[in-house]
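Q: Below you'll find run.tsv; it's TSV, C-alpha atoms and all ligand atoms.
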chain	number	residue	atom	x	y	z
K	1221	MET	CA	5.66	-3.31	20.54
K	1222	THR	CA	2.67	-3.47	18.25
K	1223	ARG	CA	3.84	-2.73	14.79
K	1224	VAL	CA	1.97	-1.85	11.63
K	1225	LYS	CA	3.54	-1.59	8.21
K	1226	MET	CA	2.69	1.73	6.55
K	1227	VAL	CA	2.51	1.57	2.76
K	1228	PHE	CA	1.56	3.99	-0.01
K	1229	ARG	CA	-0.20	3.33	-3.30
K	1230	TRP	CA	1.88	4.09	-6.37
K	1231	PHE	CA	0.72	3.71	-9.97
K	1232	GLY	CA	4.10	3.20	-11.57
K	1233	GLU	CA	6.78	5.08	-13.41
K	1234	GLY	CA	5.30	7.49	-15.95
K	1235	ASN	CA	1.81	6.71	-14.69
K	1236	ASP	CA	1.84	8.39	-11.28
K	1237	THR	CA	2.21	12.10	-10.61
K	1238	VAL	CA	4.00	11.31	-7.36
K	1239	PRO	CA	7.66	10.28	-7.67
K	1240	LEU	CA	9.09	7.60	-5.42
K	1241	SER	CA	11.63	10.12	-4.17
K	1242	TYR	CA	8.75	12.15	-2.66
K	1243	ILE	CA	7.08	9.12	-1.11
K	1244	LYS	CA	10.38	8.34	0.57
K	1245	GLN	CA	10.13	11.63	2.45
K	1246	ILE	CA	6.79	10.75	4.06
K	1247	PRO	CA	7.63	9.50	7.56
K	1248	GLY	CA	7.38	5.80	8.19
K	1249	VAL	CA	6.47	4.53	4.73
K	1250	GLU	CA	8.00	1.09	4.22
K	1251	GLY	CA	6.65	0.02	0.91
K	1252	ILE	CA	4.66	0.81	-2.17
K	1253	VAL	CA	1.35	-0.73	-3.07
K	1254	TRP	CA	1.56	-1.40	-6.76
K	1255	ALA	CA	0.21	-3.19	-9.81
K	1256	LEU	CA	0.98	-3.63	-13.47
K	1257	HIS	CA	-1.68	-1.16	-14.50
K	1258	GLU	CA	-0.87	-1.48	-18.18
K	1259	LEU	CA	-2.14	-5.08	-18.23
K	1260	SER	CA	-5.81	-5.94	-18.67
K	1261	PRO	CA	-7.76	-8.09	-16.22
K	1262	GLY	CA	-7.16	-11.73	-17.03
K	1263	GLU	CA	-3.63	-11.32	-18.38
K	1264	GLU	CA	-0.83	-13.28	-16.76
K	1265	TRP	CA	1.78	-10.98	-15.20
K	1266	PRO	CA	5.21	-11.65	-16.70
K	1267	LEU	CA	8.02	-12.09	-14.22
K	1268	GLU	CA	10.31	-9.61	-16.06
K	1269	LYS	CA	7.78	-6.79	-15.64
K	1270	ILE	CA	7.34	-7.65	-11.97
K	1271	LEU	CA	11.08	-7.62	-11.44
K	1272	LYS	CA	11.33	-4.18	-13.01
K	1273	VAL	CA	9.00	-2.74	-10.38
K	1274	LYS	CA	10.86	-4.53	-7.62
K	1275	ASN	CA	14.20	-3.11	-8.78
K	1276	MET	CA	12.82	0.39	-9.05
K	1277	ALA	CA	11.26	0.23	-5.58
K	1278	GLU	CA	14.43	-1.18	-4.07
K	1279	GLN	CA	16.41	1.83	-5.27
K	1280	TYR	CA	14.40	3.82	-2.74
K	1281	GLY	CA	14.47	1.19	-0.04
K	1282	PHE	CA	10.81	0.23	-0.49
K	1283	GLN	CA	9.40	-3.26	-0.25
K	1284	ILE	CA	6.69	-4.37	-2.70
K	1285	ASP	CA	4.83	-6.74	-0.38
K	1286	VAL	CA	1.33	-5.59	-1.34
K	1287	VAL	CA	-0.20	-5.67	-4.80
K	1288	GLU	CA	-3.42	-3.74	-5.51
K	1289	SER	CA	-4.96	-5.15	-7.62
K	1290	VAL	CA	-4.67	-8.30	-9.57
K	1291	ASN	CA	-8.04	-7.76	-11.23
K	1292	VAL	CA	-10.43	-10.64	-11.66
K	1293	HIS	CA	-11.63	-11.21	-15.24
K	1294	GLU	CA	-15.37	-10.66	-15.74
K	1295	ASP	CA	-15.80	-14.23	-17.05
K	1296	ILE	CA	-14.85	-15.47	-13.57
K	1297	LYS	CA	-17.39	-13.19	-11.91
K	1298	LEU	CA	-19.98	-14.22	-14.49
K	1299	GLY	CA	-19.20	-17.90	-14.01
K	1300	LEU	CA	-18.69	-18.54	-17.74
K	1301	PRO	CA	-17.07	-21.76	-19.00
K	1302	THR	CA	-14.03	-19.70	-20.05
K	1303	ARG	CA	-13.35	-18.85	-16.40
K	1304	ASP	CA	-10.98	-21.78	-15.88
K	1305	GLN	CA	-8.45	-20.39	-18.31
K	1306	TYR	CA	-8.48	-17.03	-16.49
K	1307	ILE	CA	-8.23	-18.69	-13.08
K	1308	HIS	CA	-5.22	-20.56	-14.39
K	1309	LYS	CA	-3.60	-17.27	-15.43
K	1310	TYR	CA	-4.45	-15.81	-12.04
K	1311	THR	CA	-2.70	-18.63	-10.21
K	1312	GLU	CA	0.31	-18.34	-12.53
K	1313	THR	CA	0.47	-14.64	-11.64
K	1314	ILE	CA	0.34	-15.57	-7.95
K	1315	LYS	CA	3.32	-17.86	-8.43
K	1316	HIS	CA	5.30	-15.12	-10.19
K	1317	LEU	CA	4.47	-12.60	-7.47
K	1318	ALA	CA	5.55	-15.05	-4.80
K	1319	LYS	CA	8.95	-15.31	-6.46
K	1320	VAL	CA	9.66	-11.66	-5.66
K	1321	GLY	CA	8.34	-11.90	-2.12
K	1322	VAL	CA	4.82	-10.44	-2.47
K	1323	LYS	CA	2.78	-11.18	0.68
K	1324	VAL	CA	-0.70	-9.78	0.00
K	1325	ILE	CA	-2.91	-9.46	-3.06
K	1326	CYS	CA	-5.80	-7.03	-2.85
K	1327	TYR	CA	-8.58	-7.70	-5.36
K	1328	ASN	CA	-12.29	-7.13	-5.69
K	1329	PHE	CA	-15.29	-9.06	-6.94
K	1330	MET	CA	-17.49	-6.17	-8.08
K	1331	PRO	CA	-19.30	-6.70	-11.38
K	1332	VAL	CA	-18.29	-4.34	-14.23
K	1333	PHE	CA	-17.27	-1.33	-12.16
K	1334	ASP	CA	-14.91	-1.02	-9.28
K	1335	TRP	CA	-15.88	1.97	-7.09
K	1336	ILE	CA	-18.57	4.43	-8.18
K	1337	ARG	CA	-18.91	8.18	-7.61
K	1338	SER	CA	-20.94	10.87	-9.36
K	1339	ASP	CA	-18.20	13.55	-9.31
K	1340	LEU	CA	-14.45	13.27	-9.19
K	1341	PHE	CA	-13.73	16.87	-8.26
K	1342	LYS	CA	-16.51	18.19	-6.02
K	1343	GLU	CA	-15.71	21.45	-4.22
K	1344	LEU	CA	-15.52	21.12	-0.46
K	1345	GLY	CA	-15.85	24.84	0.27
K	1346	ASP	CA	-12.24	25.60	1.23
K	1347	GLY	CA	-10.89	25.43	-2.32
K	1348	SER	CA	-10.14	21.72	-2.12
K	1349	THR	CA	-12.06	19.09	-4.07
K	1350	ALA	CA	-12.85	15.46	-3.40
K	1351	LEU	CA	-14.68	12.42	-4.75
K	1352	PHE	CA	-18.43	12.75	-4.28
K	1353	TYR	CA	-21.39	10.38	-4.43
K	1354	GLU	CA	-24.70	12.03	-5.20
K	1355	LYS	CA	-27.43	9.46	-4.77
K	1356	ALA	CA	-30.05	11.16	-6.95
K	1357	LYS	CA	-27.57	11.65	-9.78
K	1358	ILE	CA	-26.42	8.03	-9.72
K	1359	GLU	CA	-30.02	6.86	-9.69
K	1360	SER	CA	-30.94	8.96	-12.69
K	1361	ILE	CA	-27.87	8.68	-14.92
K	1362	THR	CA	-27.18	5.78	-17.28
K	1363	PRO	CA	-23.91	3.90	-16.76
K	1364	ASP	CA	-22.54	4.89	-20.17
K	1365	LYS	CA	-23.24	8.59	-19.54
K	1366	LEU	CA	-21.42	8.37	-16.22
K	1367	VAL	CA	-18.47	6.65	-17.83
K	1368	THR	CA	-18.31	9.22	-20.63
K	1369	SER	CA	-18.35	12.10	-18.15
K	1370	PHE	CA	-15.52	10.48	-16.18
K	1371	LEU	CA	-13.37	9.86	-19.18
K	1372	GLU	CA	-13.98	13.34	-20.63
K	1373	ASN	CA	-13.26	15.34	-17.52
K	1374	ASN	CA	-10.18	13.63	-16.31
K	1375	GLU	CA	-6.81	13.23	-17.94
K	1376	PHE	CA	-5.65	10.35	-15.74
K	1377	THR	CA	-6.82	6.78	-15.79
K	1378	VAL	CA	-8.71	6.03	-12.63
K	1379	PRO	CA	-8.23	2.64	-11.00
K	1380	GLY	CA	-11.15	0.44	-11.84
K	1381	TRP	CA	-12.26	2.75	-14.64
K	1382	GLU	CA	-9.68	1.98	-17.28
K	1383	PRO	CA	-11.07	2.78	-20.78
K	1384	GLU	CA	-10.37	-0.74	-22.10
K	1385	ARG	CA	-12.42	-2.25	-19.29
K	1386	LEU	CA	-15.35	0.04	-20.03
K	1387	GLN	CA	-15.46	-0.40	-23.78
K	1388	ARG	CA	-17.55	-3.53	-23.39
K	1389	LEU	CA	-20.12	-1.86	-21.16
K	1390	SER	CA	-23.39	-2.78	-22.88
K	1391	GLU	CA	-22.19	-6.31	-23.57
K	1392	LEU	CA	-21.32	-6.73	-19.88
K	1393	PHE	CA	-24.63	-5.35	-18.66
K	1394	GLU	CA	-26.38	-7.82	-20.93
K	1395	ALA	CA	-24.29	-10.67	-19.53
K	1396	TYR	CA	-25.03	-9.71	-15.92
K	1397	LYS	CA	-28.80	-9.61	-16.51
K	1398	ASN	CA	-29.12	-13.19	-15.36
K	1399	VAL	CA	-26.61	-13.06	-12.52
K	1400	SER	CA	-28.19	-12.83	-9.09
K	1401	GLU	CA	-26.42	-12.18	-5.81
K	1402	GLU	CA	-26.52	-15.91	-5.10
K	1403	ASN	CA	-24.89	-16.64	-8.48
K	1404	LEU	CA	-22.16	-14.14	-7.65
K	1405	TRP	CA	-21.55	-15.89	-4.31
K	1406	ASP	CA	-21.26	-19.22	-6.14
K	1407	ASN	CA	-18.81	-17.74	-8.62
K	1408	LEU	CA	-16.72	-16.20	-5.85
K	1409	LYS	CA	-16.63	-19.55	-4.05
K	1410	TYR	CA	-15.53	-21.33	-7.22
K	1411	PHE	CA	-12.74	-18.78	-7.66
K	1412	LEU	CA	-11.56	-18.94	-4.04
K	1413	GLU	CA	-11.59	-22.74	-3.92
K	1414	ARG	CA	-9.07	-22.76	-6.74
K	1415	VAL	CA	-7.02	-19.71	-5.84
K	1416	ILE	CA	-6.63	-19.90	-2.05
K	1417	PRO	CA	-4.74	-23.23	-1.98
K	1418	VAL	CA	-2.21	-21.90	-4.51
K	1419	ALA	CA	-1.88	-18.57	-2.71
K	1420	ALA	CA	-1.40	-20.33	0.65
K	1421	GLN	CA	1.19	-22.68	-0.78
K	1422	HIS	CA	3.12	-19.66	-2.05
K	1423	GLY	CA	2.76	-17.55	1.09
K	1424	ILE	CA	0.44	-14.92	-0.39
K	1425	ARG	CA	-2.62	-13.75	1.52
K	1426	MET	CA	-5.67	-12.86	-0.55
K	1427	ALA	CA	-7.46	-9.71	0.61
K	1428	ILE	CA	-10.80	-8.90	-1.00
K	1429	HIS	CA	-11.76	-5.24	-1.17
K	1430	PRO	CA	-15.32	-4.40	-0.10
K	1431	ASP	CA	-17.79	-3.08	-2.63
K	1432	ASP	CA	-17.65	0.66	-2.91
K	1433	PRO	CA	-20.20	1.93	-2.10
K	1434	PRO	CA	-21.56	-1.14	-0.31
K	1435	TRP	CA	-24.89	-1.47	-2.10
K	1436	PRO	CA	-26.11	-2.59	-5.55
K	1437	ILE	CA	-25.77	-0.01	-8.32
K	1438	PHE	CA	-27.28	0.08	-11.82
K	1439	GLY	CA	-29.00	-3.22	-11.01
K	1440	LEU	CA	-25.66	-5.05	-10.65
K	1441	PRO	CA	-25.31	-7.38	-7.67
K	1442	ARG	CA	-22.83	-6.45	-4.95
K	1443	ILE	CA	-22.06	-8.76	-2.07
K	1444	ILE	CA	-19.08	-7.64	0.03
K	1445	THR	CA	-21.04	-5.01	1.86
K	1446	ASN	CA	-21.53	-5.67	5.58
K	1447	ARG	CA	-20.66	-7.78	8.62
K	1448	GLU	CA	-22.92	-10.68	7.76
K	1449	ASN	CA	-21.66	-10.94	4.18
K	1450	ILE	CA	-18.02	-10.61	5.19
K	1451	SER	CA	-18.53	-13.45	7.61
K	1452	ARG	CA	-20.10	-15.50	4.81
K	1453	LEU	CA	-17.16	-14.71	2.54
K	1454	LEU	CA	-14.63	-15.86	5.14
K	1455	HIS	CA	-16.52	-19.12	5.52
K	1456	LEU	CA	-16.73	-19.78	1.77
K	1457	VAL	CA	-13.21	-21.05	2.08
K	1458	ASP	CA	-12.38	-21.02	5.76
K	1459	HIS	CA	-8.66	-20.52	5.53
K	1460	PRO	CA	-6.46	-17.81	7.08
K	1461	TYR	CA	-5.25	-16.82	3.63
K	1462	ASN	CA	-8.80	-16.00	2.53
K	1463	GLY	CA	-8.98	-12.53	4.02
K	1464	LEU	CA	-9.89	-8.89	3.68
K	1465	THR	CA	-8.76	-5.50	2.64
K	1466	PHE	CA	-10.72	-3.66	5.30
K	1467	CYS	CA	-11.63	-0.33	3.70
K	1468	THR	CA	-13.24	2.15	6.07
K	1469	GLY	CA	-14.25	4.43	3.22
K	1470	SER	CA	-16.18	1.73	1.37
K	1471	LEU	CA	-17.86	0.07	4.34
K	1472	GLY	CA	-18.24	3.40	6.15
K	1473	ALA	CA	-20.65	4.73	3.52
K	1474	ASN	CA	-23.29	2.59	5.23
K	1475	PRO	CA	-23.93	3.96	8.76
K	1476	ASN	CA	-25.03	0.51	9.93
K	1477	ASN	CA	-21.51	-0.87	9.55
K	1478	ASP	CA	-19.84	-0.66	12.97
K	1479	LEU	CA	-16.24	-0.47	11.76
K	1480	PRO	CA	-14.30	-0.84	15.06
K	1481	GLU	CA	-16.51	-3.79	15.97
K	1482	MET	CA	-15.85	-5.42	12.60
K	1483	ILE	CA	-12.10	-4.91	13.03
K	1484	ARG	CA	-12.26	-6.69	16.39
K	1485	GLU	CA	-14.33	-9.50	14.93
K	1486	PHE	CA	-12.40	-10.08	11.69
K	1487	GLY	CA	-8.97	-8.90	12.86
K	1488	ASP	CA	-6.96	-12.01	12.12
K	1489	ARG	CA	-8.36	-12.12	8.59
K	1490	ILE	CA	-7.61	-8.46	7.83
K	1491	HIS	CA	-4.44	-8.52	5.77
K	1492	PHE	CA	-4.56	-4.96	4.51
K	1493	ALA	CA	-6.13	-1.84	6.01
K	1494	HIS	CA	-7.36	1.08	3.90
K	1495	ILE	CA	-8.13	4.13	5.99
K	1496	ARG	CA	-10.29	6.84	4.50
K	1497	ASN	CA	-12.87	9.23	5.90
K	1498	LEU	CA	-16.08	10.46	4.34
K	1499	LYS	CA	-19.00	12.60	5.35
K	1500	ARG	CA	-22.43	11.06	4.99
K	1501	PHE	CA	-25.51	13.18	4.39
K	1502	ASP	CA	-29.08	12.29	5.37
K	1503	ASN	CA	-30.20	12.13	1.73
K	1504	GLY	CA	-27.78	9.27	0.98
K	1505	ASP	CA	-25.01	11.40	-0.55
K	1506	PHE	CA	-21.46	11.28	0.75
K	1507	ILE	CA	-18.24	13.14	0.12
K	1508	GLU	CA	-14.70	12.07	0.92
K	1509	THR	CA	-12.90	14.25	3.44
K	1510	SER	CA	-9.57	14.61	5.16
K	1511	HIS	CA	-8.64	11.66	7.36
K	1512	ARG	CA	-9.37	13.60	10.53
K	1513	THR	CA	-12.23	12.14	12.58
K	1514	CYS	CA	-14.10	15.41	13.08
K	1515	ASP	CA	-14.09	16.19	9.35
K	1516	GLY	CA	-16.14	13.13	8.42
K	1517	SER	CA	-18.54	10.46	9.65
K	1518	VAL	CA	-15.96	7.70	10.14
K	1519	ASP	CA	-14.45	7.69	13.61
K	1520	VAL	CA	-10.88	7.19	12.42
K	1521	TYR	CA	-9.60	7.42	15.99
K	1522	GLU	CA	-11.78	4.46	17.06
K	1523	VAL	CA	-10.75	2.56	13.93
K	1524	VAL	CA	-7.03	2.98	14.64
K	1525	LYS	CA	-7.63	2.18	18.31
K	1526	ALA	CA	-9.34	-1.07	17.33
K	1527	TYR	CA	-6.33	-2.00	15.20
K	1528	HIS	CA	-4.03	-1.25	18.09
K	1529	GLU	CA	-6.15	-3.27	20.49
K	1530	ILE	CA	-6.02	-6.38	18.33
K	1531	GLY	CA	-2.26	-6.01	17.92
K	1532	PHE	CA	-2.58	-5.51	14.18
K	1533	SER	CA	0.75	-6.02	12.47
K	1534	GLY	CA	-0.40	-6.02	8.87
K	1535	TYR	CA	-0.18	-3.46	6.09
K	1536	ILE	CA	-1.98	-0.16	6.31
K	1537	ARG	CA	-2.31	2.71	3.89
K	1538	PRO	CA	-4.03	6.07	3.77
K	1539	ASP	CA	-6.74	5.89	1.17
K	1540	HIS	CA	-8.26	8.57	-1.03
K	1541	GLY	CA	-7.24	12.08	-0.24
K	1542	ARG	CA	-8.74	15.40	-1.23
K	1543	HIS	CA	-7.10	17.44	-3.98
K	1544	ILE	CA	-5.43	20.32	-2.20
K	1545	TRP	CA	-2.87	23.05	-2.86
K	1546	ASN	CA	-3.68	22.92	-6.60
K	1547	GLU	CA	-2.07	19.56	-6.95
K	1548	GLU	CA	-2.63	17.96	-10.34
K	1549	CYS	CA	-3.16	14.33	-9.64
K	1550	ARG	CA	-5.18	11.25	-10.26
K	1551	PRO	CA	-8.54	11.61	-8.44
K	1552	GLY	CA	-8.10	10.58	-4.82
K	1553	TYR	CA	-4.42	9.80	-5.24
K	1554	GLY	CA	-2.46	13.01	-4.81
K	1555	LEU	CA	0.57	13.27	-2.60
K	1556	TYR	CA	-0.40	16.05	-0.22
K	1557	ASP	CA	-3.59	14.92	1.42
K	1558	ARG	CA	-2.54	11.30	1.65
K	1559	ALA	CA	0.71	12.40	3.31
K	1560	LEU	CA	-1.32	14.48	5.77
K	1561	GLY	CA	-3.48	11.40	6.30
K	1562	ILE	CA	-0.45	9.33	7.18
K	1563	MET	CA	0.68	11.88	9.75
K	1564	TYR	CA	-2.77	11.82	11.35
K	1565	LEU	CA	-2.68	8.02	11.49
K	1566	TRP	CA	0.82	8.05	12.98
K	1567	GLY	CA	-0.30	10.66	15.51
K	1568	ILE	CA	-3.03	8.38	16.77
K	1569	TRP	CA	-0.96	5.22	16.52
K	1570	ASP	CA	2.14	6.56	18.26
K	1571	SER	CA	0.02	8.03	21.07
K	1572	LEU	CA	-1.67	4.70	21.61
K	1573	VAL	CA	1.64	2.87	21.67
K	1574	ARG	CA	3.06	5.41	24.11
K	1575	MET	CA	-0.04	5.34	26.36
K	1576	LYS	CA	-0.75	1.64	26.34
K	1577	GLU	CA	2.67	0.12	25.89
K	1578	GLY	CA	4.82	2.77	27.53
K	1579	SER	CA	7.37	2.71	24.75
K	1580	ARG	CA	9.32	5.87	24.07
K	1581	HIS	CA	10.69	4.60	20.79
K	1582	VAL	CA	7.72	4.28	18.52
K	1583	CYS	CA	9.26	4.91	15.11
K	1584	THR	CA	8.62	1.85	13.01
K	1585	LYS	CA	11.20	2.90	10.46
K	1586	GLN	CA	13.90	5.43	10.99
K	1587	GLN	CA	14.54	8.01	8.29
K	1588	SER	CA	17.58	7.03	6.33
B	1	LIG	C1	-10.12	2.79	-5.00
B	1	LIG	C2	-9.52	1.54	-4.56
B	1	LIG	C3	-10.11	0.37	-5.34
B	1	LIG	C4	-9.34	-0.89	-5.04
B	1	LIG	C5	-9.90	-2.08	-5.76
B	1	LIG	C6	-9.17	-3.33	-5.35
B	1	LIG	O1	-9.46	3.78	-5.05
B	1	LIG	O2	-9.65	1.35	-3.21
B	1	LIG	O3	-10.06	0.68	-6.70
B	1	LIG	O4	-8.02	-0.72	-5.47
B	1	LIG	O5	-11.23	-2.25	-5.50
B	1	LIG	O6	-9.42	-4.32	-6.26
What does this structure look like when you write it as structure tokens?
A:
Amino acid sequence: MTRVKMVFRWFGEGNDTVPLSYIKQIPGVEGIVWALHELSPGEEWPLEKILKVKNMAEQYGFQIDVVESVNVHEDIKLGLPTRDQYIHKYTETIKHLAKVGVKVICYNFMPVFDWIRSDLFKELGDGSTALFYEKAKIESITPDKLVTSFLENNEFTVPGWEPERLQRLSELFEAYKNVSEENLWDNLKYFLERVIPVAAQHGIRMAIHPDDPPWPIFGLPRIITNRENISRLLHLVDHPYNGLTFCTGSLGANPNNDLPEMIREFGDRIHFAHIRNLKRFDNGDFIETSHRTCDGSVDVYEVVKAYHEIGFSGYIRPDHGRHIWNEECRPGYGLYDRALGIMYLWGIWDSLVRMKEGSRHVCTKQQS
């Protein structure tokens, strides 16, 4: 039977509004997707801290196979001479993670920012709110104003938008002035050539997250954006451990990305699947929606079907959810809508298994 491993992102004890005991009650979740969020990009992850997370997860029967993210220090992306020391720390972190059985590291290679939106809590019309990208606003606002508005209107740290990371904003923009897309490709290649052999030797698959949204913003280069560039990335270091976090929400913001087709093409290099839906508007705006196909522009049914067709047996997680039922949570990372998302994904998955494989017993993990 084709088997996927359902996992759920968790920001850590005291840092996530969702307790592990609640995650345990979502059907079919096998593991948490985690990180040491208190550490800055470039720091080596100490084994004792890693073990603490493992022990905590194990109390609830969760594995910790997937880490999201071990962030890449800006000096590596910028290609500065200091990058070697940070690459060394990165590979040391890989070795520590391997010791506790981690199998996949999700990371990204986006300059300065991780994902970008204009609003964190945009009303959807039914009382729920969601992350929103308003093209005109992003094109007219300065990066520091956007950052200030995020930090002021939100009591939680947002992944990729940690205050420490953003303190050096003007300095970073200055540094990136002379970095073209081609330079960024060279710097990614340099990083992968040094990291992939270590990761492979220690049984950890590297899974780059696409740029979100998949186009350049604030004049910063962005390269993991479409089929052609993903293919280029996989050939930079043509090794099975150089793979992808295939995020339908990021890539799906560009209507030209044929997601099911890309899953079929890159399947054996997809180590981690993020499933998210969003509704695109003709003016270039988009808003995140429930996972259900008819609520957004991403055909989640066809996406899941493509995973089933290729016999995907990797890790999969629901991605950003809306904020519903007055839940107070980190933007995109509440319990309720992501749990609903999981049930939608299981609904599709279990039906496909039943229809195509004829199996009556489709539970990947029994409730215990
Ligand atoms: C957004 C996430 C990203 C992702 C990083 C991986 O919510 O999908 O922040 O974790 O890009 O490095």
Q: Rounded to one decimal place, report the CA of Leu1471 in chain K-CA of Ser1510 in chain K distance in Å.
A: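 It comes out at 16.8 Å.
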Q: In file coordinates, which residues lie within 10 Å of (-17.4, 17.7, -6.5) using all atoms listed in the file, given as a list of chain:residue names?
A: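 Protein and nucleic acid residues near the point are K:Arg1337, K:Ser1338, K:Asp1339, K:Leu1340, K:Phe1341, K:Lys1342, K:Glu1343, K:Leu1344, K:Gly1345, K:Ser1348, K:Thr1349, K:Ala1350, K:Leu1351, K:Phe1352, K:Tyr1353, K:Glu1354, K:Ile1507, K:Glu1508.
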Q: Export, as an mmCIF file, keeping the file's coordinate frame, the selected residues with C-alpha atoms.
A:
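Ended up saving to again.cif:
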data_model
loop_
_atom_site.group_PDB
_atom_site.id
_atom_site.type_symbol
_atom_site.label_atom_id
_atom_site.label_comp_id
_atom_site.auth_asym_id
_atom_site.auth_seq_id
_atom_site.Cartn_x
_atom_site.Cartn_y
_atom_site.Cartn_z
ATOM 1 C CA ARG K 1337 -18.910 8.180 -7.610
ATOM 2 C CA SER K 1338 -20.940 10.870 -9.360
ATOM 3 C CA ASP K 1339 -18.200 13.550 -9.310
ATOM 4 C CA LEU K 1340 -14.450 13.270 -9.190
ATOM 5 C CA PHE K 1341 -13.730 16.870 -8.260
ATOM 6 C CA LYS K 1342 -16.510 18.190 -6.020
ATOM 7 C CA GLU K 1343 -15.710 21.450 -4.220
ATOM 8 C CA LEU K 1344 -15.520 21.120 -0.460
ATOM 9 C CA GLY K 1345 -15.850 24.840 0.270
ATOM 10 C CA SER K 1348 -10.140 21.720 -2.120
ATOM 11 C CA THR K 1349 -12.060 19.090 -4.070
ATOM 12 C CA ALA K 1350 -12.850 15.460 -3.400
ATOM 13 C CA LEU K 1351 -14.680 12.420 -4.750
ATOM 14 C CA PHE K 1352 -18.430 12.750 -4.280
ATOM 15 C CA TYR K 1353 -21.390 10.380 -4.430
ATOM 16 C CA GLU K 1354 -24.700 12.030 -5.200
ATOM 17 C CA ILE K 1507 -18.240 13.140 0.120
ATOM 18 C CA GLU K 1508 -14.700 12.070 0.920
#
Q: Using only C-alpha atoms, which of the listed residues (K:Leu1565, K:Cys1549, K:Met1575, K:Val1518) sits closest to Glu1375 in chain K?
A: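 Of K:Leu1565, K:Cys1549, K:Met1575, K:Val1518, the one nearest Glu1375 in chain K, counting only C-alpha atoms, is K:Cys1549.
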Q: Neighbours of ligand LIG 1 (chain B) at 6 Å or closer, counting all atoms listed in the file: which residues, as a list in words?
A: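 Listed by chain and ascending number, the contacts are Glu1288, Ser1289, Cys1326, Tyr1327, Asn1328, Asp1334, Trp1335, Pro1379, Gly1380 and His1429 of chain K.
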Q: Compare K:Asp1488, K:Ser1400, K:Arg1496, K:Phe1466 by their minimum atom-to-atom distance to Thr1513 in chain K, counting only C-alpha atoms, and give me the closest one.
A: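 Selected residue with least distance to Thr1513 in chain K: K:Arg1496.
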Q: Could you please give me, as a ChimeraX atom specification, the residues of protein, DNA or RNA lying at most 12 Å from (10.1, 9.8, -7.6) in the coordinate frame of the file, considering all atoms listed in the file?
A: /K:1230-1245,1252,1276-1277,1279-1280,1282,1555
Q: Just the selected residues (C-alpha atoms), exported as a PDB file, keeping the file's coordinate frame, please.
A:
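Full text of result-v4.pdb as output:
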ATOM      1  CA  TRP K1230       1.880   4.090  -6.370  1.00  0.00           C
ATOM      2  CA  PHE K1231       0.720   3.710  -9.970  1.00  0.00           C
ATOM      3  CA  GLY K1232       4.100   3.200 -11.570  1.00  0.00           C
ATOM      4  CA  GLU K1233       6.780   5.080 -13.410  1.00  0.00           C
ATOM      5  CA  GLY K1234       5.300   7.490 -15.950  1.00  0.00           C
ATOM      6  CA  ASN K1235       1.810   6.710 -14.690  1.00  0.00           C
ATOM      7  CA  ASP K1236       1.840   8.390 -11.280  1.00  0.00           C
ATOM      8  CA  THR K1237       2.210  12.100 -10.610  1.00  0.00           C
ATOM      9  CA  VAL K1238       4.000  11.310  -7.360  1.00  0.00           C
ATOM     10  CA  PRO K1239       7.660  10.280  -7.670  1.00  0.00           C
ATOM     11  CA  LEU K1240       9.090   7.600  -5.420  1.00  0.00           C
ATOM     12  CA  SER K1241      11.630  10.120  -4.170  1.00  0.00           C
ATOM     13  CA  TYR K1242       8.750  12.150  -2.660  1.00  0.00           C
ATOM     14  CA  ILE K1243       7.080   9.120  -1.110  1.00  0.00           C
ATOM     15  CA  LYS K1244      10.380   8.340   0.570  1.00  0.00           C
ATOM     16  CA  GLN K1245      10.130  11.630   2.450  1.00  0.00           C
ATOM     17  CA  ILE K1252       4.660   0.810  -2.170  1.00  0.00           C
ATOM     18  CA  MET K1276      12.820   0.390  -9.050  1.00  0.00           C
ATOM     19  CA  ALA K1277      11.260   0.230  -5.580  1.00  0.00           C
ATOM     20  CA  GLN K1279      16.410   1.830  -5.270  1.00  0.00           C
ATOM     21  CA  TYR K1280      14.400   3.820  -2.740  1.00  0.00           C
ATOM     22  CA  PHE K1282      10.810   0.230  -0.490  1.00  0.00           C
ATOM     23  CA  LEU K1555       0.570  13.270  -2.600  1.00  0.00           C
TER      24      LEU K1555
END
Q: Between CA of Lys1315 in chain K and CA of Lys1225 in chain K, what is the distance, to one decimal in Å?
A: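 Going from CA of Lys1315 in chain K over to CA of Lys1225 in chain K covers 23.3 Å.
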Q: Please provide the set of residues having any atom within 7 Å of range 1435-1450 of chain K, restricted to all atoms listed in the file, with same-chain residues fewer than 4 positions apart removed, written as an MDAnalysis selection string.
A: chainID K and resid 1330:1331 1400:1401 1430:1431 1454 1471 1477 1482
